[in-house]
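Data file: query_37.txt. Format and content: compact mmCIF, C-alpha atoms.
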# COMPACT_ATOMS: atom_id res chain seq x y z
CA MET A 1 0.00 0.00 0.00
CA LYS A 2 2.78 2.38 0.80
CA LYS A 3 4.34 1.57 -2.54
CA HIS A 4 1.12 2.46 -4.33
CA LEU A 5 0.89 5.69 -2.50
CA LEU A 6 4.52 6.49 -3.14
CA LEU A 7 4.29 5.58 -6.83
CA SER A 8 1.12 7.54 -7.25
CA ALA A 9 2.66 10.53 -5.57
CA ILE A 10 5.65 10.36 -7.87
CA LEU A 11 3.48 9.99 -10.96
CA GLY A 12 1.25 12.80 -9.81
CA GLY A 13 4.27 14.99 -9.32
CA MET A 14 5.60 14.13 -12.76
CA ILE A 15 2.27 14.92 -14.35
CA ALA A 16 2.09 18.15 -12.42
CA LEU A 17 5.56 19.09 -13.56
CA SER A 18 4.83 18.18 -17.16
CA VAL A 19 1.61 20.14 -17.14
CA ALA A 20 3.08 23.18 -15.41
CA PRO A 21 4.76 24.73 -18.49
CA MET A 22 1.51 24.51 -20.43
CA ALA A 23 -0.06 26.92 -18.03
CA ASN A 24 2.46 29.51 -19.16
CA ALA A 25 2.40 28.70 -22.90
CA ALA A 26 0.48 31.29 -24.95
CA THR A 27 -2.06 30.18 -27.50
CA THR A 28 -1.91 33.58 -29.20
CA ALA A 29 1.05 35.58 -30.44
CA SER A 30 1.24 38.88 -32.28
CA GLN A 31 3.80 40.86 -34.22
CA THR A 32 3.45 44.53 -35.12
CA VAL A 33 4.78 45.50 -38.53
CA SER A 34 5.78 49.13 -38.79
CA ALA A 35 6.81 51.36 -41.70
CA THR A 36 8.05 54.90 -41.25
CA LEU A 37 6.81 57.67 -43.52
CA ALA A 38 8.78 60.92 -43.45
CA ALA A 39 7.54 64.36 -44.39
CA LEU A 40 7.11 64.79 -48.12
CA LYS A 41 8.93 67.90 -49.39
CA SER A 42 8.49 68.42 -53.08
CA ILE A 43 8.90 71.55 -55.22
CA VAL A 44 8.32 71.60 -58.93
CA GLY A 45 8.77 74.58 -61.26
CA LYS A 46 5.62 75.34 -63.20
CA GLY A 47 7.70 75.80 -66.32
CA THR A 48 5.68 78.62 -67.79
CA GLY A 49 6.24 82.36 -68.07
CA LEU A 50 9.98 81.96 -68.29
CA THR A 51 10.78 83.81 -71.48
CA GLY A 52 10.17 87.33 -72.69
CA THR A 53 11.81 90.31 -74.28
CA ILE A 54 13.41 93.51 -73.10
CA ASP A 55 12.41 96.60 -74.97
CA PRO A 56 15.71 98.18 -76.09
CA ASP A 57 14.24 101.66 -75.99
CA THR A 58 12.44 101.61 -72.68
CA GLY A 59 14.12 98.80 -70.79
CA ILE A 60 10.71 97.33 -70.03
CA VAL A 61 10.65 93.53 -69.77
CA THR A 62 7.79 91.30 -70.79
CA ALA A 63 6.13 89.94 -67.66
CA LEU A 64 7.81 86.77 -66.46
CA ALA A 65 6.37 84.36 -63.92
CA PRO A 66 8.97 82.00 -62.45
CA SER A 67 6.62 80.05 -60.18
CA PHE A 68 6.54 76.80 -58.27
CA THR A 69 4.17 74.19 -56.90
CA ILE A 70 5.10 73.04 -53.42
CA THR A 71 3.77 69.70 -52.19
CA THR A 72 3.89 68.22 -48.72
CA ASN A 73 1.98 65.70 -46.64
CA THR A 74 1.94 67.67 -43.41
CA SER A 75 0.52 70.92 -42.13
CA SER A 76 3.32 71.19 -39.60
CA ALA A 77 5.42 74.29 -40.27
CA LEU A 78 8.14 73.80 -42.85
CA THR A 79 10.71 76.44 -43.76
CA LEU A 80 11.71 77.40 -47.29
CA GLN A 81 13.94 79.95 -48.97
CA LEU A 82 13.47 81.78 -52.25
CA SER A 83 16.72 82.91 -53.85
CA ALA A 84 18.18 83.61 -57.27
CA THR A 85 21.51 83.66 -59.06
CA ALA A 86 22.64 85.33 -62.25
CA PRO A 87 25.41 83.95 -64.47
CA SER A 88 28.67 85.85 -64.79
CA SER A 89 31.95 85.40 -66.63
CA THR A 90 33.18 83.53 -63.57
CA THR A 91 30.74 82.10 -61.05
CA PRO A 92 27.00 82.72 -60.60
CA GLN A 93 26.24 85.67 -58.33
CA GLN A 94 23.35 86.33 -55.98
CA ALA A 95 20.71 88.04 -58.09
CA LEU A 96 18.05 89.17 -55.62
CA THR A 97 18.30 92.41 -53.73
CA ASN A 98 15.92 94.38 -51.58
CA TYR A 99 17.56 97.67 -50.73
CA ALA A 100 15.36 100.28 -49.19
CA GLY A 101 16.56 103.11 -51.39
CA HIS A 102 14.98 101.54 -54.44
CA LEU A 103 11.60 100.68 -53.02
CA GLY A 104 11.45 96.93 -53.19
CA THR A 105 12.96 93.77 -54.46
CA TYR A 106 14.83 93.51 -57.72
CA ILE A 107 16.33 90.66 -59.64
CA VAL A 108 19.41 90.98 -61.79
CA LEU A 109 19.31 89.33 -65.19
CA ALA A 110 22.76 88.86 -66.72
CA ASN A 111 23.78 88.48 -70.34
CA ILE A 112 24.82 84.93 -71.26
CA THR A 113 25.73 85.91 -74.82
CA VAL A 114 28.27 88.44 -73.64
CA PRO A 115 28.79 87.38 -70.04
CA ALA A 116 28.81 90.05 -67.40
CA LEU A 117 31.59 90.43 -64.90
CA ALA A 118 30.69 89.25 -61.43
CA ALA A 119 31.43 92.81 -60.34
CA ALA A 120 28.71 94.12 -62.65
CA ILE A 121 26.11 92.03 -60.83
CA THR A 122 27.33 92.90 -57.35
CA ASP A 123 27.44 96.56 -58.41
CA ILE A 124 23.67 96.35 -58.72
CA THR A 125 22.89 94.15 -55.74
CA ALA A 126 25.06 96.34 -53.52
CA GLY A 127 23.16 99.41 -54.67
CA THR A 128 26.20 101.14 -56.14
CA LEU A 129 24.84 101.23 -59.69
CA ALA A 130 27.97 102.72 -61.18
CA SER A 131 29.39 100.01 -63.44
CA ASN A 132 27.18 97.08 -64.44
CA ALA A 133 27.61 96.26 -68.11
CA ASN A 134 25.50 93.33 -69.35
CA ALA A 135 23.51 93.13 -66.10
CA ILE A 136 20.05 94.64 -65.71
CA ALA A 137 17.78 94.72 -62.68
CA PHE A 138 14.00 94.43 -62.90
CA PRO A 139 11.26 94.61 -60.25
CA PHE A 140 10.66 91.24 -58.63
CA THR A 141 7.48 90.39 -56.73
CA PRO A 142 7.79 87.30 -54.55
CA GLN A 143 4.82 85.19 -53.51
CA ALA A 144 2.87 87.07 -50.85
CA THR A 145 1.46 85.54 -47.67
CA VAL A 146 -1.63 83.38 -48.08
CA ALA A 147 -3.35 82.86 -44.73
CA GLY A 148 -3.28 79.25 -43.60
CA GLN A 149 -0.94 78.21 -46.36
CA ILE A 150 2.29 80.13 -46.76
CA THR A 151 3.85 83.10 -44.97
CA ILE A 152 6.64 85.28 -46.27
CA GLY A 153 9.18 86.44 -43.72
CA THR A 154 11.56 89.35 -43.55
CA TRP A 155 14.11 89.75 -46.32
CA ASN A 156 17.37 88.12 -45.29
CA ALA A 157 20.05 90.52 -46.49
CA PRO A 158 23.10 88.48 -45.50
CA GLY A 159 21.73 85.38 -47.22
CA ASN A 160 20.06 87.19 -50.13
CA TYR A 161 16.81 85.25 -49.85
CA TRP A 162 13.16 85.53 -48.89
CA PRO A 163 12.24 83.11 -46.12
CA TYR A 164 8.89 81.34 -46.15
CA THR A 165 6.94 79.23 -43.71
CA LEU A 166 4.64 76.60 -45.22
CA THR A 167 1.73 75.32 -43.12
CA HIS A 168 -0.43 73.71 -45.78
CA LYS A 169 -0.80 70.01 -46.57
CA GLY A 170 -1.09 69.16 -50.23
CA ASN A 171 -0.22 71.50 -53.09
CA THR A 172 0.63 75.16 -52.53
CA ASP A 173 1.44 77.70 -55.21
CA ALA A 174 4.43 80.01 -54.95
CA ASN A 175 3.91 82.50 -57.74
CA ASN A 176 6.60 85.08 -58.40
CA ALA A 177 6.69 87.83 -60.99
CA ILE A 178 9.25 89.86 -62.89
CA SER A 179 7.87 92.82 -64.75
CA GLY A 180 8.15 96.52 -65.38
CA THR A 181 10.90 98.95 -66.13
CA ALA A 182 14.56 98.29 -65.47
CA LEU A 183 16.03 99.79 -62.35
CA ALA A 184 17.52 103.21 -63.11
CA SER A 185 21.21 103.07 -63.92
CA SER A 186 21.13 99.31 -64.34
CA TYR A 187 20.05 99.53 -67.97
CA THR A 188 22.36 101.52 -70.25
CA THR A 189 23.93 101.23 -73.67
CA ASP A 190 26.63 99.18 -72.01
CA ASP A 191 24.10 96.32 -71.93
CA GLU A 192 24.80 94.49 -75.16
CA PRO A 193 22.33 92.43 -77.16
CA GLY A 194 21.85 88.89 -75.98
CA THR A 195 19.88 86.67 -73.68
CA TYR A 196 19.63 87.89 -70.11
CA GLN A 197 19.06 85.20 -67.51
CA ALA A 198 18.67 84.44 -63.85
CA THR A 199 17.88 81.19 -62.05
CA ILE A 200 15.23 81.38 -59.34
CA THR A 201 15.36 78.68 -56.70
CA MET A 202 12.87 77.72 -54.04
CA ALA A 203 14.13 75.16 -51.55
CA PHE A 204 13.12 73.54 -48.30
CA VAL A 205 15.50 74.24 -45.45
CA PRO A 206 16.54 70.83 -44.12
CA MET B 1 12.35 18.89 18.52
CA LYS B 2 9.06 17.90 20.11
CA LYS B 3 7.20 19.30 17.15
CA TYR B 4 9.14 17.14 14.71
CA VAL B 5 8.39 14.07 16.77
CA ILE B 6 4.69 14.93 16.81
CA TYR B 7 4.60 15.53 13.06
CA ILE B 8 6.44 12.33 12.20
CA SER B 9 4.19 10.33 14.51
CA LEU B 10 1.14 11.87 12.93
CA ILE B 11 2.33 11.07 9.41
CA LEU B 12 3.13 7.49 10.31
CA PHE B 13 -0.25 7.12 11.94
CA VAL B 14 -2.08 8.44 8.89
CA MET B 15 -0.06 6.28 6.48
CA ASN B 16 -0.71 3.19 8.52
CA ALA B 17 -4.31 3.96 9.24
CA PRO B 18 -5.87 2.04 6.32
CA ILE B 19 -3.82 -0.97 7.18
CA SER B 20 -4.86 -0.82 10.77
CA PHE B 21 -8.55 -0.57 10.01
CA ALA B 22 -8.81 -2.69 6.86
CA GLY B 23 -7.45 -6.07 6.31
CA GLN B 24 -7.81 -6.16 2.52
CA SER B 25 -5.46 -4.39 0.21
CA ALA B 26 -6.70 -1.62 -2.05
CA SER B 27 -5.23 0.28 -4.94
CA TYR B 28 -5.52 3.96 -5.64
CA TYR B 29 -5.04 5.32 -9.13
CA PHE B 30 -4.44 8.93 -9.85
CA THR B 31 -5.78 9.90 -13.25
CA ALA B 32 -4.89 13.19 -14.82
CA ALA B 33 -6.19 14.24 -18.22
CA ALA B 34 -3.36 15.74 -20.22
CA PRO B 35 -4.87 17.95 -22.94
CA PRO B 36 -2.84 18.68 -26.04
CA THR B 37 -0.24 21.32 -25.46
CA LYS B 38 -0.78 24.42 -27.59
CA ALA B 39 1.79 27.10 -27.83
CA VAL B 40 2.44 29.85 -30.33
CA ALA B 41 5.22 32.39 -30.12
CA ALA B 42 6.59 35.18 -32.28
CA ASN B 43 9.68 34.00 -34.09
CA GLY B 44 11.36 37.05 -35.60
CA GLY B 45 11.25 38.00 -39.24
CA ASN B 46 11.44 41.54 -40.51
CA ILE B 47 8.83 43.85 -39.05
CA SER B 48 10.17 47.29 -39.93
CA ALA B 49 10.49 49.25 -43.17
CA VAL B 50 10.46 52.72 -44.66
CA ILE B 51 7.82 54.18 -46.95
CA ASN B 52 9.16 56.14 -49.92
CA VAL B 53 7.69 59.64 -49.59
CA ASP B 54 7.47 60.13 -53.33
CA THR B 55 5.90 56.82 -54.34
CA GLY B 56 4.56 55.26 -51.16
CA ALA B 57 6.57 52.12 -51.91
CA LEU B 58 7.55 49.87 -49.04
CA SER B 59 11.34 49.62 -48.85
CA THR B 60 11.56 46.12 -47.43
CA ALA B 61 9.24 43.16 -47.19
CA PHE B 62 7.61 42.39 -43.86
CA THR B 63 8.05 38.76 -42.83
CA PRO B 64 6.65 38.33 -39.31
CA ALA B 65 7.15 34.72 -38.27
CA PHE B 66 5.69 32.44 -35.62
CA THR B 67 6.50 29.06 -34.10
CA LEU B 68 3.75 26.63 -33.20
CA ASN B 69 4.28 23.83 -30.73
CA THR B 70 2.01 20.97 -29.81
CA ASN B 71 2.32 17.45 -28.48
CA THR B 72 -0.14 15.83 -30.83
CA GLY B 73 -0.47 15.12 -34.49
CA ALA B 74 -4.22 15.48 -34.27
CA SER B 75 -5.65 18.40 -36.27
CA GLN B 76 -5.89 21.71 -34.51
CA THR B 77 -7.30 24.87 -36.02
CA LEU B 78 -5.80 28.32 -35.82
CA THR B 79 -6.53 31.77 -37.22
CA MET B 80 -4.10 34.33 -38.55
CA LYS B 81 -5.38 37.88 -38.84
CA ALA B 82 -4.16 41.44 -39.33
CA GLU B 83 -5.64 44.43 -37.58
CA ALA B 84 -4.97 48.15 -37.64
CA ASN B 85 -5.85 50.95 -35.27
CA THR B 86 -8.25 53.74 -36.18
CA GLN B 87 -10.04 56.57 -34.43
CA GLY B 88 -12.87 54.11 -33.96
CA GLY B 89 -10.74 51.36 -32.47
CA VAL B 90 -9.01 48.33 -33.88
CA GLN B 91 -10.30 47.17 -37.25
CA ASN B 92 -9.69 44.18 -39.51
CA ALA B 93 -6.95 45.35 -41.86
CA VAL B 94 -7.26 42.64 -44.50
CA PHE B 95 -9.27 42.70 -47.69
CA ASN B 96 -9.03 41.15 -51.10
CA VAL B 97 -9.70 42.16 -54.66
CA GLY B 98 -10.25 38.91 -56.46
CA ALA B 99 -7.47 36.55 -55.54
CA VAL B 100 -5.12 39.31 -54.40
CA LYS B 101 -5.06 40.07 -50.69
CA TYR B 102 -4.09 43.38 -49.15
CA VAL B 103 -3.26 44.63 -45.70
CA ILE B 104 -3.88 48.20 -44.59
CA LEU B 105 -1.28 49.96 -42.46
CA THR B 106 -2.52 52.93 -40.45
CA ASN B 107 -0.69 55.92 -39.03
CA SER B 108 -0.06 55.30 -35.34
CA ASN B 109 0.81 58.97 -34.82
CA ILE B 110 -2.33 60.36 -36.43
CA SER B 111 -5.01 57.68 -36.42
CA PRO B 112 -7.26 57.61 -39.46
CA PRO B 113 -11.04 57.56 -39.26
CA ILE B 114 -12.67 54.18 -39.85
CA SER B 115 -13.90 55.58 -43.15
CA SER B 116 -10.33 55.51 -44.46
CA LEU B 117 -10.32 51.72 -44.15
CA THR B 118 -13.85 51.44 -45.42
CA ASN B 119 -12.92 53.42 -48.51
CA ILE B 120 -9.87 51.27 -49.22
CA LYS B 121 -11.78 48.02 -48.70
CA THR B 122 -14.17 48.93 -51.48
CA GLY B 123 -11.36 47.89 -53.79
CA SER B 124 -11.59 51.12 -55.78
CA PRO B 125 -10.46 53.76 -53.31
CA THR B 126 -10.38 57.51 -53.78
CA ALA B 127 -7.02 58.97 -52.78
CA SER B 128 -8.52 61.86 -50.83
CA SER B 129 -10.88 59.58 -48.90
CA ASN B 130 -8.39 57.42 -47.06
CA PRO B 131 -6.00 59.72 -45.16
CA ASN B 132 -3.39 58.08 -42.96
CA ALA B 133 -4.06 54.58 -44.26
CA ILE B 134 -2.03 52.80 -46.95
CA ALA B 135 -2.62 49.33 -48.37
CA TYR B 136 -0.05 46.84 -49.61
CA THR B 137 -0.24 43.37 -51.07
CA ILE B 138 -0.01 40.55 -48.53
CA ASN B 139 0.70 36.93 -49.42
CA ASP B 140 -0.98 33.87 -47.95
CA PRO B 141 1.07 32.15 -45.27
CA PRO B 142 2.68 29.18 -47.03
CA ALA B 143 1.49 25.67 -46.22
CA VAL B 144 4.02 23.35 -44.58
CA SER B 145 3.93 19.89 -46.10
CA GLY B 146 2.92 17.30 -43.54
CA SER B 147 2.40 19.92 -40.86
CA LEU B 148 0.20 22.84 -41.76
CA THR B 149 -2.48 23.80 -44.25
CA VAL B 150 -3.59 27.35 -44.94
CA ALA B 151 -6.76 28.73 -46.51
CA TYR B 152 -7.84 32.34 -46.92
CA ASN B 153 -11.25 32.98 -45.45
CA SER B 154 -12.85 35.49 -47.79
CA GLY B 155 -15.79 35.90 -45.45
CA ASN B 156 -13.88 36.77 -42.33
CA LYS B 157 -10.95 38.29 -44.22
CA ASN B 158 -8.34 36.22 -42.40
CA TRP B 159 -6.59 32.89 -42.74
CA ASP B 160 -7.68 29.49 -41.42
CA LEU B 161 -4.77 27.23 -40.53
CA ILE B 162 -4.85 23.54 -39.63
CA LEU B 163 -1.93 22.16 -37.70
CA PHE B 164 -1.37 18.42 -37.68
CA HIS B 165 2.22 18.04 -36.64
CA ASN B 166 3.56 16.93 -33.29
CA GLY B 167 6.39 19.25 -32.26
CA ASN B 168 7.47 22.60 -33.63
CA THR B 169 6.11 24.11 -36.84
CA ASN B 170 7.22 27.44 -38.24
CA THR B 171 4.99 29.75 -40.21
CA SER B 172 5.08 33.32 -41.43
CA ILE B 173 3.26 35.82 -43.59
CA THR B 174 4.82 38.19 -46.10
CA VAL B 175 4.02 41.73 -47.13
CA PRO B 176 6.24 42.19 -50.19
CA SER B 177 8.17 45.40 -50.72
CA GLY B 178 6.99 47.68 -53.48
CA ALA B 179 4.22 49.95 -54.55
CA PRO B 180 1.07 50.51 -52.49
CA PHE B 181 -2.42 49.68 -53.69
CA THR B 182 -3.48 52.37 -56.17
CA ASN B 183 -5.03 55.49 -54.65
CA THR B 184 -4.23 54.54 -51.09
CA TYR B 185 -1.07 56.64 -50.89
CA SER B 186 -1.33 60.40 -51.31
CA THR B 187 -0.28 63.66 -49.71
CA ASP B 188 -3.15 63.09 -47.26
CA ASP B 189 -1.01 60.40 -45.64
CA GLU B 190 0.86 62.33 -43.00
CA PRO B 191 4.31 61.55 -41.63
CA GLY B 192 4.40 58.88 -38.95
CA SER B 193 4.69 55.20 -38.24
CA TYR B 194 2.26 53.07 -40.26
CA GLN B 195 1.39 49.82 -38.51
CA ALA B 196 -0.67 46.65 -38.51
CA VAL B 197 -0.71 43.86 -35.94
CA ILE B 198 -0.45 40.29 -37.21
CA THR B 199 -1.91 37.76 -34.77
CA LEU B 200 -1.85 33.97 -34.85
CA SER B 201 -4.12 32.11 -32.42
CA PHE B 202 -5.28 28.59 -31.65
CA ASN B 203 -9.05 28.58 -31.99
CA ASN B 204 -9.77 26.41 -28.96
Now that the file is in, can you turn its structure into structure tokens?
Amino acid sequence: MKKHLLLSAILGGMIALSVAPMANAATTASQTVSATLAALKSIVGKGTGLTGTIDPDTGIVTALAPSFTITTNTSSALTLQLSATAPSSTTPQQALTNYAGHLGTYIVLANITVPALAAAITDITAGTLASNANAIAFPFTPQATVAGQITIGTWNAPGNYWPYTLTHKGNTDANNAISGTALASSYTTDDEPGTYQATITMAFVP
Amino acid sequence: MKKYVIYISLILFVMNAPISFAGQSASYYFTAAAPPTKAVAANGGNISAVINVDTGALSTAFTPAFTLNTNTGASQTLTMKAEANTQGGVQNAVFNVGAVKYVILTNSNISPPISSLTNIKTGSPTASSNPNAIAYTINDPPAVSGSLTVAYNSGNKNWDLILFHNGNTNTSITVPSGAPFTNTYSTDDEPGSYQAVITLSFNN
């Protein structure tokens, strides 16, 4: 009888031990798959309104519209900069300027047929306007603030750019314009025939 | 010391008691029903990727894996499902268009409305109507010869598995890398972590 009891106790213990892990074994398991999506920052030039003519008598340029479509997937504030460069006989030079004495922002277009000296471009952007052959400045109107979408900041003189804050998800237009009469003393007979160009750039600040 | 003596005496008395009061021998049998063991555990696989912001493409395939363990070769049924969180709670994230199955990942940072999933599950979604939810192809879990069968349940939008292998059996499900289901990725899908939870369960 004692043997039975002892054997039974041992068997019971073994069963208990063998069953014990089952109590902790899960009959359900899950895995979470996760993919990270970053902020979309896309800018595309509209590609229209990029060519015109300069009247040789008046220095008036056909209206140009170097504009962009900005696309993002967030309404969180994103920072952008609008800048421009003009080609020279050496390296491209900053082409936007916003000096107070001339009532607004101007953009310098430089001759690519007879390249301007870099000094001719900086002569205009610095406001000297004394020697600027083959470089002409025209009024430039940057995209204005649109409530709830895009806000233009204060002209950044050291960096030669207009800062913007974008707070609109989806597509947002940034329409800029070049039109009107050349800045006084930037258009003279020293400006030779040719194609006058500038490159306007809108970029997200990383 | 006295206590030990008392305890030992008591134990001896109890053990001898049946013999003292009964002259015939008797046997006692302990019976314990041992039900089939059922265990499932996550077993690695890739569960993270990056979504291309321009195209919505998944950079790397998801391959969440599981290990099943049982002590019987008798058939046991399981269910594999995928769910995603929404503003209205957890929802089934699986749907199919014909024979092709899809899983919807939802933004865990900015939960989508249920309507985003509803729109995608129509099979002909409108990009602007499913913000913060993106769908990708998902493959059936592969059958394991001699161990596991798999069948997609088009009614419940999940997978029915039958396990008939004693021991360990591995299974997994794959979300291939590549383009999302058309019109489920757009600029309405905000930055964040897009997730779905894959669950494998024994049914009983």
Kindly provide the residues of range 82-151 of chain B that approach range 183-199 of chain B to within 10 Å, each paired with its closest atom pair and their distance in Å to one decimal, based on only C-alpha atoms, listed by chain and increasing number, as CSV.
residue,atom,partner,partner_atom,distance
B:Ala82,CA,B:Ile198,CA,4.4
B:Glu83,CA,B:Val197,CA,5.2
B:Ala84,CA,B:Ala196,CA,4.6
B:Asn85,CA,B:Ala196,CA,7.5
B:Val90,CA,B:Val197,CA,9.6
B:Gln91,CA,B:Ala196,CA,9.7
B:Asn92,CA,B:Ala196,CA,9.4
B:Ala93,CA,B:Ala196,CA,7.2
B:Val94,CA,B:Ala196,CA,9.8
B:Val103,CA,B:Ala196,CA,7.9
B:Ile104,CA,B:Ala196,CA,7.0
B:Leu105,CA,B:Gln195,CA,4.8
B:Thr106,CA,B:Tyr194,CA,4.8
B:Asn107,CA,B:Tyr194,CA,4.3
B:Ser108,CA,B:Ser193,CA,5.6
B:Asn109,CA,B:Gly192,CA,5.5
B:Ile110,CA,B:Gly192,CA,7.3
B:Ser111,CA,B:Tyr194,CA,9.4
B:Pro112,CA,B:Asp189,CA,9.2
B:Ser116,CA,B:Thr184,CA,9.1
B:Leu117,CA,B:Thr184,CA,9.7
B:Asn119,CA,B:Thr184,CA,9.1
B:Ile120,CA,B:Thr184,CA,6.8
B:Gly123,CA,B:Asn183,CA,9.9
B:Ser124,CA,B:Asn183,CA,8.0
B:Pro125,CA,B:Asn183,CA,5.9
B:Thr126,CA,B:Asn183,CA,5.8
B:Ala127,CA,B:Asn183,CA,4.4
B:Ser128,CA,B:Asp188,CA,6.6
B:Ser129,CA,B:Thr184,CA,8.6
B:Asn130,CA,B:Thr184,CA,6.5
B:Pro131,CA,B:Asp188,CA,4.9
B:Asn132,CA,B:Asp189,CA,4.3
B:Ala133,CA,B:Asp189,CA,6.7
B:Ile134,CA,B:Thr184,CA,5.0
B:Ala135,CA,B:Thr184,CA,6.1
B:Tyr136,CA,B:Thr184,CA,8.9
Checklist entry - Quick one: distance from CA of Pro176 in chain B to CA of Asn96 in chain B in Å, one decimal? => result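 Pair CA of Pro176 in chain B / CA of Asn96 in chain B returns 15.3 Å.
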Next on the checklist: Set the cut-off to 6 Å and count only C-alpha atoms: what are the residues of chain A that reach chain B? Output as a ChimeraX atom specification.
Outcome noted: /A:25-40,73-74,170
Based on the selection just made, write C-alpha atoms of those residues as a PDB file, in the frame of the given file.
ATOM      1  CA  ALA A  25       2.400  28.700 -22.900  1.00  0.00           C
ATOM      2  CA  ALA A  26       0.480  31.290 -24.950  1.00  0.00           C
ATOM      3  CA  THR A  27      -2.060  30.180 -27.500  1.00  0.00           C
ATOM      4  CA  THR A  28      -1.910  33.580 -29.200  1.00  0.00           C
ATOM      5  CA  ALA A  29       1.050  35.580 -30.440  1.00  0.00           C
ATOM      6  CA  SER A  30       1.240  38.880 -32.280  1.00  0.00           C
ATOM      7  CA  GLN A  31       3.800  40.860 -34.220  1.00  0.00           C
ATOM      8  CA  THR A  32       3.450  44.530 -35.120  1.00  0.00           C
ATOM      9  CA  VAL A  33       4.780  45.500 -38.530  1.00  0.00           C
ATOM     10  CA  SER A  34       5.780  49.130 -38.790  1.00  0.00           C
ATOM     11  CA  ALA A  35       6.810  51.360 -41.700  1.00  0.00           C
ATOM     12  CA  THR A  36       8.050  54.900 -41.250  1.00  0.00           C
ATOM     13  CA  LEU A  37       6.810  57.670 -43.520  1.00  0.00           C
ATOM     14  CA  ALA A  38       8.780  60.920 -43.450  1.00  0.00           C
ATOM     15  CA  ALA A  39       7.540  64.360 -44.390  1.00  0.00           C
ATOM     16  CA  LEU A  40       7.110  64.790 -48.120  1.00  0.00           C
ATOM     17  CA  ASN A  73       1.980  65.700 -46.640  1.00  0.00           C
ATOM     18  CA  THR A  74       1.940  67.670 -43.410  1.00  0.00           C
ATOM     19  CA  GLY A 170      -1.090  69.160 -50.230  1.00  0.00           C
TER      20      GLY A 170
END
Spatial neighbours of Glu192 in chain A, 9 Å, all atoms listed in the file, chain gap at least 3 places, as a PDB file with C-alpha atoms, keeping the file's coordinate frame:
ATOM      1  CA  ASN A 111      23.780  88.480 -70.340  1.00  0.00           C
ATOM      2  CA  THR A 113      25.730  85.910 -74.820  1.00  0.00           C
ATOM      3  CA  VAL A 114      28.270  88.440 -73.640  1.00  0.00           C
ATOM      4  CA  ALA A 133      27.610  96.260 -68.110  1.00  0.00           C
ATOM      5  CA  ASN A 134      25.500  93.330 -69.350  1.00  0.00           C
ATOM      6  CA  THR A 188      22.360 101.520 -70.250  1.00  0.00           C
ATOM      7  CA  THR A 189      23.930 101.230 -73.670  1.00  0.00           C
TER       8      THR A 189
END
Item to check | Distance in Å - CA of Ala130 in chain A versus CA of Ser186 in chain A | outcome: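 Calculated distance between CA of Ala130 in chain A and CA of Ser186 in chain A is 8.3 Å.
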Checklist entry - If you measure from CA of Thr77 in chain B to CA of Lys121 in chain B, what distance in Å do you get, rounded to one decimal? => result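 For CA of Thr77 in chain B relative to CA of Lys121 in chain B, the distance reads 26.8 Å.
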Next on the checklist: Which residues are near Pro142 in chain B? Cut-off 10 Å, only C-alpha atoms, ignore same chain within fewer than 5 positions. Put them as a PyMOL selection string.
Outcome noted: chain B and resi 148-151+171-174
Item to check | Residue neighbourhood Thr72 in chain B, 8 Å, all atoms listed in the file, exclusion window fewer than 2 positions, as a list in words | outcome: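 Counting all atoms listed in the file, the residues come to Pro36, Thr37, Thr70, Ala74, Phe164, His165, Asn166 and Gly167 of chain B.
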Next on the checklist: Please list, as a ChimeraX atom specification, the residues that have an atom at most 12 Å away from (10.0, 72.8, -49.6) in the coordinates of this file, counting all atoms listed in the file.
Outcome noted: /A:39-45,68-74,77-82,150,163-174,201-206
Item to check | Nearest-residue call for Gln93 in chain A, choices A:Thr122, A:Gly49, A:Asn156, A:Leu129, using all atoms listed in the file | outcome: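 Using all atoms listed in the file, the shortest distance to Gln93 in chain A belongs to A:Thr122.
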Item to check | Spatial neighbours of Ala120 in chain A, max dist 7 Å, all atoms listed in the file, sep filter under 5 positions, as a list in words | outcome: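 Non-adjacent residues within range: Ser131, Asn132, Ala133 and Ala135 of chain A.
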Item to check | Test item: residues at most 10 Å from Gly159 in chain A, only C-alpha atoms, excluding those fewer than 5 positions along its chain, as a list in words | outcome: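 In the requested format, the answer is Gln81, Ser83, Gln94 and Leu96 of chain A.
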Next on the checklist: I'd like to know which of A:Thr141, A:Asn160, A:Thr91, A:Thr85 is closest to Leu64 in chain A, using all atoms listed in the file.
Outcome noted: A:Thr141
